[in-house]
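S.K.: Below is my_file-v2.cif; it holds mmCIF, C-alpha atoms, pLDDT in the B column; chains and numbers go by the auth columns.
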```cif
data_structure
loop_
_atom_site.group_PDB
_atom_site.id
_atom_site.type_symbol
_atom_site.label_atom_id
_atom_site.label_comp_id
_atom_site.label_asym_id
_atom_site.label_seq_id
_atom_site.Cartn_x
_atom_site.Cartn_y
_atom_site.Cartn_z
_atom_site.B_iso_or_equiv
_atom_site.auth_seq_id
_atom_site.auth_asym_id
ATOM 1 C CA MET A 1 19.732 -22.795 34.876 35.00 1 A
ATOM 2 C CA ARG A 2 18.075 -19.861 33.143 34.00 2 A
ATOM 3 C CA SER A 3 14.861 -18.549 34.660 37.00 3 A
ATOM 4 C CA GLY A 4 11.768 -20.296 33.299 38.00 4 A
ATOM 5 C CA VAL A 5 13.732 -22.421 30.831 35.00 5 A
ATOM 6 C CA GLY A 6 15.119 -25.915 31.291 36.00 6 A
ATOM 7 C CA PRO A 7 18.806 -26.771 30.818 37.00 7 A
ATOM 8 C CA ARG A 8 20.201 -26.662 27.306 32.00 8 A
ATOM 9 C CA GLU A 9 20.683 -29.994 25.662 37.00 9 A
ATOM 10 C CA ALA A 10 24.173 -30.833 24.515 37.00 10 A
ATOM 11 C CA GLY A 11 24.492 -31.040 20.780 36.00 11 A
ATOM 12 C CA PRO A 12 26.729 -30.229 17.843 37.00 12 A
ATOM 13 C CA SER A 13 27.984 -26.692 17.479 33.00 13 A
ATOM 14 C CA CYS A 14 26.327 -24.323 15.022 30.00 14 A
ATOM 15 C CA GLU A 15 29.285 -24.705 12.661 35.00 15 A
ATOM 16 C CA LYS A 16 28.995 -28.495 12.826 36.00 16 A
ATOM 17 C CA ARG A 17 25.250 -28.421 12.103 31.00 17 A
ATOM 18 C CA CYS A 18 25.846 -26.087 9.160 34.00 18 A
ATOM 19 C CA GLU A 19 28.543 -28.381 7.746 40.00 19 A
ATOM 20 C CA GLU A 20 26.147 -31.329 7.880 41.00 20 A
ATOM 21 C CA ARG A 21 23.491 -29.611 5.748 36.00 21 A
ATOM 22 C CA THR A 22 23.158 -30.775 2.186 40.00 22 A
ATOM 23 C CA ALA A 23 20.941 -27.919 0.987 42.00 23 A
ATOM 24 C CA PRO A 24 22.443 -24.509 0.235 45.00 24 A
ATOM 25 C CA THR A 25 23.179 -22.638 3.431 43.00 25 A
ATOM 26 C CA ILE A 26 21.388 -19.338 3.623 48.00 26 A
ATOM 27 C CA LEU A 27 21.971 -16.845 6.387 48.00 27 A
ATOM 28 C CA LEU A 28 19.467 -14.082 6.965 50.00 28 A
ATOM 29 C CA PHE A 29 20.908 -10.785 8.076 49.00 29 A
ATOM 30 C CA ALA A 30 19.395 -7.525 9.114 49.00 30 A
ATOM 31 C CA ALA A 31 22.475 -6.156 10.814 49.00 31 A
ATOM 32 C CA ALA A 32 25.213 -3.589 10.566 51.00 32 A
ATOM 33 C CA PRO A 33 27.668 -3.773 7.644 52.00 33 A
ATOM 34 C CA SER A 34 30.485 -4.635 10.082 55.00 34 A
ATOM 35 C CA ALA A 35 28.596 -7.782 11.087 55.00 35 A
ATOM 36 C CA LEU A 36 28.294 -8.760 7.430 53.00 36 A
ATOM 37 C CA ARG A 37 32.017 -8.308 6.885 54.00 37 A
ATOM 38 C CA SER A 38 32.807 -10.557 9.850 53.00 38 A
ATOM 39 C CA LEU A 39 30.927 -13.414 8.140 54.00 39 A
ATOM 40 C CA ARG A 40 33.054 -13.422 4.986 50.00 40 A
ATOM 41 C CA ALA A 41 35.310 -16.183 6.259 46.00 41 A
ATOM 42 C CA ARG A 42 32.365 -18.328 7.316 47.00 42 A
ATOM 43 C CA ILE A 43 30.690 -18.640 3.918 47.00 43 A
ATOM 44 C CA ARG A 44 32.216 -20.522 1.027 40.00 44 A
ATOM 45 C CA MET A 45 32.363 -18.288 -2.009 43.00 45 A
ATOM 46 C CA GLY A 46 29.755 -19.637 -4.419 43.00 46 A
ATOM 47 C CA SER A 47 31.255 -18.092 -7.539 45.00 47 A
ATOM 48 C CA THR A 48 34.825 -19.178 -6.855 43.00 48 A
ATOM 49 C CA ALA A 49 33.575 -22.749 -6.582 41.00 49 A
ATOM 50 C CA LEU A 50 32.472 -22.378 -10.213 42.00 50 A
ATOM 51 C CA GLY A 51 35.910 -21.238 -11.318 46.00 51 A
ATOM 52 C CA VAL A 52 35.015 -17.546 -11.539 52.00 52 A
ATOM 53 C CA THR A 53 38.202 -15.647 -10.892 62.00 53 A
ATOM 54 C CA ASP A 54 37.294 -12.192 -12.163 73.00 54 A
ATOM 55 C CA THR A 55 38.097 -9.776 -9.370 84.00 55 A
ATOM 56 C CA THR A 56 36.860 -6.720 -11.278 91.00 56 A
ATOM 57 C CA ILE A 57 34.862 -4.498 -8.960 96.00 57 A
ATOM 58 C CA VAL A 58 31.607 -3.296 -10.486 97.00 58 A
ATOM 59 C CA PRO A 59 30.196 -0.264 -8.648 97.00 59 A
ATOM 60 C CA ILE A 60 26.459 -0.074 -8.067 97.00 60 A
ATOM 61 C CA SER A 61 26.241 2.722 -10.645 96.00 61 A
ATOM 62 C CA GLU A 62 27.475 0.296 -13.327 97.00 62 A
ATOM 63 C CA ALA A 63 25.558 -2.766 -12.137 97.00 63 A
ATOM 64 C CA HIS A 64 24.619 -5.530 -14.572 97.00 64 A
ATOM 65 C CA ILE A 65 20.850 -5.607 -15.134 98.00 65 A
ATOM 66 C CA THR A 66 18.993 -8.580 -16.532 97.00 66 A
ATOM 67 C CA THR A 67 15.602 -10.297 -16.387 98.00 67 A
ATOM 68 C CA LEU A 68 14.727 -13.881 -15.610 98.00 68 A
ATOM 69 C CA PRO A 69 11.554 -15.513 -17.006 98.00 69 A
ATOM 70 C CA ILE A 70 9.558 -17.273 -14.252 96.00 70 A
ATOM 71 C CA GLY A 71 6.623 -18.558 -16.299 94.00 71 A
ATOM 72 C CA ASP A 72 3.155 -17.352 -17.294 93.00 72 A
ATOM 73 C CA GLY A 73 4.673 -14.374 -19.128 95.00 73 A
ATOM 74 C CA LYS A 74 6.200 -13.014 -15.921 97.00 74 A
ATOM 75 C CA THR A 75 9.829 -11.946 -15.478 98.00 75 A
ATOM 76 C CA LEU A 76 11.956 -10.944 -12.511 98.00 76 A
ATOM 77 C CA TRP A 77 14.266 -7.944 -12.813 98.00 77 A
ATOM 78 C CA LEU A 78 17.633 -8.371 -11.167 98.00 78 A
ATOM 79 C CA ARG A 79 20.753 -6.328 -10.757 98.00 79 A
ATOM 80 C CA THR A 80 24.192 -7.599 -9.774 98.00 80 A
ATOM 81 C CA TRP A 81 27.219 -5.596 -8.737 98.00 81 A
ATOM 82 C CA GLY A 82 30.318 -5.818 -6.582 98.00 82 A
ATOM 83 C CA CYS A 83 33.030 -8.427 -6.998 97.00 83 A
ATOM 84 C CA ALA A 84 32.139 -11.711 -8.756 94.00 84 A
ATOM 85 C CA THR A 85 34.456 -13.587 -6.379 94.00 85 A
ATOM 86 C CA GLY A 86 33.099 -11.782 -3.314 96.00 86 A
ATOM 87 C CA THR A 87 30.647 -13.212 -0.806 97.00 87 A
ATOM 88 C CA PRO A 88 27.279 -13.548 -2.587 98.00 88 A
ATOM 89 C CA VAL A 89 24.416 -11.696 -0.902 98.00 89 A
ATOM 90 C CA LEU A 90 20.750 -11.453 -1.872 98.00 90 A
ATOM 91 C CA PHE A 91 19.062 -8.167 -0.992 97.00 91 A
ATOM 92 C CA VAL A 92 15.340 -8.676 -0.281 97.00 92 A
ATOM 93 C CA HIS A 93 13.533 -5.326 -0.414 97.00 93 A
ATOM 94 C CA GLY A 94 10.628 -4.307 1.775 95.00 94 A
ATOM 95 C CA GLY A 95 7.065 -3.902 0.766 90.00 95 A
ATOM 96 C CA PRO A 96 5.037 -5.588 -0.352 84.00 96 A
ATOM 97 C CA GLY A 97 5.020 -3.303 -3.341 88.00 97 A
ATOM 98 C CA GLN A 98 8.358 -1.595 -2.959 95.00 98 A
ATOM 99 C CA CYS A 99 11.217 -2.198 -5.374 97.00 99 A
ATOM 100 C CA VAL A 100 14.999 -1.858 -5.515 97.00 100 A
ATOM 101 C CA ALA A 101 14.774 1.621 -7.093 96.00 101 A
ATOM 102 C CA ASP A 102 12.950 2.887 -3.985 96.00 102 A
ATOM 103 C CA TYR A 103 16.193 2.483 -2.039 95.00 103 A
ATOM 104 C CA ASN A 104 18.169 4.971 -4.168 96.00 104 A
ATOM 105 C CA ASP A 105 21.308 2.782 -4.201 96.00 105 A
ATOM 106 C CA ILE A 106 21.579 2.777 -0.390 94.00 106 A
ATOM 107 C CA ASN A 107 22.984 -0.762 -0.593 94.00 107 A
ATOM 108 C CA ALA A 108 26.322 0.702 -1.630 96.00 108 A
ATOM 109 C CA LYS A 109 26.579 1.824 2.016 95.00 109 A
ATOM 110 C CA PHE A 110 25.742 -1.645 3.350 94.00 110 A
ATOM 111 C CA PHE A 111 27.939 -3.725 1.067 97.00 111 A
ATOM 112 C CA GLU A 112 31.555 -3.024 0.103 96.00 112 A
ATOM 113 C CA ALA A 113 31.733 -3.662 -3.633 97.00 113 A
ATOM 114 C CA SER A 114 35.218 -5.144 -3.202 96.00 114 A
ATOM 115 C CA GLU A 115 33.966 -7.747 -0.687 97.00 115 A
ATOM 116 C CA PHE A 116 30.475 -8.733 -1.833 97.00 116 A
ATOM 117 C CA HIS A 117 28.711 -9.972 -4.964 98.00 117 A
ATOM 118 C CA VAL A 118 25.350 -8.262 -4.475 98.00 118 A
ATOM 119 C CA VAL A 119 22.161 -9.558 -6.095 98.00 119 A
ATOM 120 C CA GLU A 120 19.126 -7.270 -5.947 98.00 120 A
ATOM 121 C CA VAL A 121 15.762 -8.508 -7.213 98.00 121 A
ATOM 122 C CA ASP A 122 12.474 -6.692 -7.745 98.00 122 A
ATOM 123 C CA GLN A 123 9.917 -9.060 -6.290 97.00 123 A
ATOM 124 C CA ARG A 124 7.203 -10.544 -8.460 96.00 124 A
ATOM 125 C CA GLY A 125 4.850 -7.839 -9.754 96.00 125 A
ATOM 126 C CA THR A 126 6.820 -4.838 -8.467 96.00 126 A
ATOM 127 C CA GLY A 127 9.237 -2.284 -9.870 97.00 127 A
ATOM 128 C CA SER A 128 10.861 -3.438 -13.087 98.00 128 A
ATOM 129 C CA SER A 129 9.734 -7.069 -12.743 97.00 129 A
ATOM 130 C CA GLN A 130 6.991 -7.602 -15.295 97.00 130 A
ATOM 131 C CA PRO A 131 4.115 -7.264 -15.496 97.00 131 A
ATOM 132 C CA SER A 132 4.346 -4.632 -12.766 97.00 132 A
ATOM 133 C CA VAL A 133 1.427 -3.281 -10.770 95.00 133 A
ATOM 134 C CA ARG A 134 3.303 0.013 -10.678 94.00 134 A
ATOM 135 C CA ASP A 135 2.765 0.396 -14.414 94.00 135 A
ATOM 136 C CA ASP A 136 -0.965 -0.270 -14.169 94.00 136 A
ATOM 137 C CA TYR A 137 -2.898 -1.021 -10.986 92.00 137 A
ATOM 138 C CA LYS A 138 -5.199 -3.337 -12.988 95.00 138 A
ATOM 139 C CA ARG A 139 -2.307 -5.815 -13.136 95.00 139 A
ATOM 140 C CA MET A 140 -2.995 -6.603 -9.490 94.00 140 A
ATOM 141 C CA GLU A 141 -5.479 -9.110 -10.865 95.00 141 A
ATOM 142 C CA LEU A 142 -2.482 -11.164 -12.082 94.00 142 A
ATOM 143 C CA TYR A 143 -1.204 -11.491 -8.523 95.00 143 A
ATOM 144 C CA LYS A 144 -4.389 -12.031 -6.519 93.00 144 A
ATOM 145 C CA ASP A 145 -3.360 -15.606 -5.698 93.00 145 A
ATOM 146 C CA ILE A 146 0.339 -14.956 -5.039 94.00 146 A
ATOM 147 C CA THR A 147 1.826 -16.778 -2.073 96.00 147 A
ATOM 148 C CA ILE A 148 4.930 -16.289 0.013 96.00 148 A
ATOM 149 C CA ALA A 149 5.987 -19.762 -1.170 97.00 149 A
ATOM 150 C CA GLN A 150 5.957 -18.541 -4.809 97.00 150 A
ATOM 151 C CA MET A 151 7.942 -15.459 -3.901 97.00 151 A
ATOM 152 C CA SER A 152 10.530 -17.551 -2.049 98.00 152 A
ATOM 153 C CA ALA A 153 10.732 -19.938 -5.005 98.00 153 A
ATOM 154 C CA ASP A 154 11.538 -16.928 -7.203 98.00 154 A
ATOM 155 C CA PHE A 155 14.699 -16.276 -5.170 98.00 155 A
ATOM 156 C CA GLU A 156 15.729 -19.897 -5.522 98.00 156 A
ATOM 157 C CA LEU A 157 15.322 -19.600 -9.306 98.00 157 A
ATOM 158 C CA VAL A 158 17.611 -16.563 -9.216 98.00 158 A
ATOM 159 C CA ARG A 159 20.218 -18.396 -7.108 98.00 159 A
ATOM 160 C CA GLU A 160 20.200 -21.345 -9.508 98.00 160 A
ATOM 161 C CA HIS A 161 20.257 -19.080 -12.577 97.00 161 A
ATOM 162 C CA LEU A 162 23.321 -17.242 -11.254 97.00 162 A
ATOM 163 C CA GLN A 163 24.916 -20.574 -10.247 96.00 163 A
ATOM 164 C CA ILE A 164 25.513 -19.426 -6.699 97.00 164 A
ATOM 165 C CA ASP A 165 26.132 -22.242 -4.245 96.00 165 A
ATOM 166 C CA LYS A 166 25.528 -20.324 -0.997 95.00 166 A
ATOM 167 C CA TRP A 167 24.625 -16.740 -0.234 97.00 167 A
ATOM 168 C CA LEU A 168 23.725 -14.390 2.544 97.00 168 A
ATOM 169 C CA VAL A 169 20.141 -13.156 2.610 97.00 169 A
ATOM 170 C CA PHE A 170 19.746 -9.540 3.707 96.00 170 A
ATOM 171 C CA GLY A 171 16.347 -7.967 4.182 95.00 171 A
ATOM 172 C CA GLY A 172 14.495 -5.433 6.236 91.00 172 A
ATOM 173 C CA SER A 173 10.837 -5.011 7.152 94.00 173 A
ATOM 174 C CA TRP A 174 8.782 -7.177 4.743 96.00 174 A
ATOM 175 C CA GLY A 175 12.091 -8.236 3.186 96.00 175 A
ATOM 176 C CA SER A 176 13.170 -9.885 6.445 96.00 176 A
ATOM 177 C CA THR A 177 9.876 -11.810 6.624 96.00 177 A
ATOM 178 C CA LEU A 178 10.204 -12.998 3.043 97.00 178 A
ATOM 179 C CA GLY A 179 13.913 -13.707 3.517 97.00 179 A
ATOM 180 C CA LEU A 180 13.187 -15.849 6.591 97.00 180 A
ATOM 181 C CA ASP A 181 10.584 -17.825 4.677 98.00 181 A
ATOM 182 C CA TYR A 182 13.058 -18.367 1.859 98.00 182 A
ATOM 183 C CA ALA A 183 15.791 -19.463 4.266 95.00 183 A
ATOM 184 C CA LEU A 184 13.480 -21.945 5.972 96.00 184 A
ATOM 185 C CA ARG A 185 12.264 -23.427 2.690 96.00 185 A
ATOM 186 C CA TYR A 186 15.635 -23.693 0.949 95.00 186 A
#
```
Before we go any further, please render this structure as structure tokens.
M.R.:
Amino acid sequence: MRSGVGPREAGPSCEKRCEERTAPTILLFAAAPSALRSLRARIRMGSTALGVTDTTIVPISEAHITTLPIGDGKTLWLRTWGCATGTPVLFVHGGPGQCVADYNDINAKFFEASEFHVVEVDQRGTGSSQPSVRDDYKRMELYKDITIAQMSADFELVREHLQIDKWLVFGGSWGSTLGLDYALRY
């Protein structure tokens, strides 16, 4: 028996519990790149399930950039790079108020482009997501009632838009808090 804690109850293994889930499995990671690589075999490739077979490797410097409307005249900026058949991973930046550009492409050191399909999103109201408070501080008025639930829902819209079945969620600082909320909700 562990000090101060009762005996563990017998139950299904972690893998068994994960297999029984019907909602998309989301794993939150704030760990070393080697730990991420070791998970590749444990996550079903979302894009290969859709018949995507393009193994072209897109470096971060040539990432695909797009926007996704989320309602009320607001859009999310997102950037994808890596290998379309690689393990999908959502990068959740810190903040609040930071954006992907603040990281100066550091994610290329965390994620091997040949192994991962990386999705980076500027959170609602920041960076290149519009309208952005970085462009004009008066736009903060548009976000005075923002909730963590709305921000998590934004990531789910991105996952659905990109037709990704399951993905890793990788965040640090505020990004880990938001990523945990997202993982718990979805």
S.K.: Can you list what the PyMOL selection byres ((chain A and resi 132-140) around 12) grabs from this structure, as a list in words?
M.R.: Gly73, Lys74, Thr75, Leu76, Trp77, Pro96, Gly97, Gln98, Cys99, Asp122, Gln123, Arg124, Gly125, Thr126, Gly127, Ser128, Ser129, Gln130, Pro131, Glu141, Leu142, Tyr143, Lys144, Asp145 and Ile146 of chain A
S.K.: Take the residues that were just selected and, keeping C-alpha atoms, output them as a PDB file, in the frame of the given file.
M.R.:
```
ATOM      1  CA  GLY A  73       4.673 -14.374 -19.128  1.00 95.00           C
ATOM      2  CA  LYS A  74       6.200 -13.014 -15.921  1.00 97.00           C
ATOM      3  CA  THR A  75       9.829 -11.946 -15.478  1.00 98.00           C
ATOM      4  CA  LEU A  76      11.956 -10.944 -12.511  1.00 98.00           C
ATOM      5  CA  TRP A  77      14.266  -7.944 -12.813  1.00 98.00           C
ATOM      6  CA  PRO A  96       5.037  -5.588  -0.352  1.00 84.00           C
ATOM      7  CA  GLY A  97       5.020  -3.303  -3.341  1.00 88.00           C
ATOM      8  CA  GLN A  98       8.358  -1.595  -2.959  1.00 95.00           C
ATOM      9  CA  CYS A  99      11.217  -2.198  -5.374  1.00 97.00           C
ATOM     10  CA  ASP A 122      12.474  -6.692  -7.745  1.00 98.00           C
ATOM     11  CA  GLN A 123       9.917  -9.060  -6.290  1.00 97.00           C
ATOM     12  CA  ARG A 124       7.203 -10.544  -8.460  1.00 96.00           C
ATOM     13  CA  GLY A 125       4.850  -7.839  -9.754  1.00 96.00           C
ATOM     14  CA  THR A 126       6.820  -4.838  -8.467  1.00 96.00           C
ATOM     15  CA  GLY A 127       9.237  -2.284  -9.870  1.00 97.00           C
ATOM     16  CA  SER A 128      10.861  -3.438 -13.087  1.00 98.00           C
ATOM     17  CA  SER A 129       9.734  -7.069 -12.743  1.00 97.00           C
ATOM     18  CA  GLN A 130       6.991  -7.602 -15.295  1.00 97.00           C
ATOM     19  CA  PRO A 131       4.115  -7.264 -15.496  1.00 97.00           C
ATOM     20  CA  GLU A 141      -5.479  -9.110 -10.865  1.00 95.00           C
ATOM     21  CA  LEU A 142      -2.482 -11.164 -12.082  1.00 94.00           C
ATOM     22  CA  TYR A 143      -1.204 -11.491  -8.523  1.00 95.00           C
ATOM     23  CA  LYS A 144      -4.389 -12.031  -6.519  1.00 93.00           C
ATOM     24  CA  ASP A 145      -3.360 -15.606  -5.698  1.00 93.00           C
ATOM     25  CA  ILE A 146       0.339 -14.956  -5.039  1.00 94.00           C
TER      26      ILE A 146
END
```
S.K.: Would you be able to write out as an MDAnalysis selection string which residues have an atom within 12 Å of (17.9, -17.3, -9.5) in the file's coordinates, counting all atoms listed in the file?
M.R.: chainID A and resid 66:70 75:80 90 119:121 123 151:167
S.K.: Figure out the distance between atom CA of A:Ile65 and atom CA of A:Glu112, please, to one decimal in Å.
M.R.: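 Distance between the two atoms: 18.8 Å.
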S.K.: What are the closest atom pairs, with distances in Å to one decimal, for each residue of stretch 78-171 of chain A lying within 12 Å of stretch 55-58 of chain A, using only C-alpha atoms, rows by chain and rising residue number, as CSV?
M.R.:
```
residue,atom,partner,partner_atom,distance
A:Arg79,CA,A:Val58,CA,11.3
A:Thr80,CA,A:Val58,CA,8.6
A:Trp81,CA,A:Val58,CA,5.3
A:Gly82,CA,A:Val58,CA,4.8
A:Cys83,CA,A:Ile57,CA,4.8
A:Ala84,CA,A:Thr55,CA,6.3
A:Thr85,CA,A:Thr55,CA,6.1
A:Gly86,CA,A:Thr55,CA,8.1
A:Thr87,CA,A:Thr55,CA,11.9
A:Ala108,CA,A:Val58,CA,11.1
A:Glu112,CA,A:Ile57,CA,9.8
A:Ala113,CA,A:Ile57,CA,6.2
A:Ser114,CA,A:Ile57,CA,5.8
A:Glu115,CA,A:Ile57,CA,8.9
A:Phe116,CA,A:Ile57,CA,9.4
A:His117,CA,A:Val58,CA,9.1
A:Val118,CA,A:Val58,CA,10.0
```
S.K.: Within 12 Å of (9.5, -13.4, 6.7) (coordinates as in the file), grab all the protein and nucleic acid residues, counting all atoms listed in the file, and write them out as an MDAnalysis selection string.
M.R.: chainID A and resid 28:30 92:96 148:149 151:152 169:185
S.K.: Box time for stretch 54-63 of chain A: axis-aligned, enclosing all its listed atoms, 3 Å extra on each side; report centre and edge lengths in Å to one decimal, as JSON.
M.R.:
```
{"center_x": 31.8, "center_y": -4.7, "center_z": -10.7, "size_x": 18.5, "size_y": 20.9, "size_z": 11.3}
```
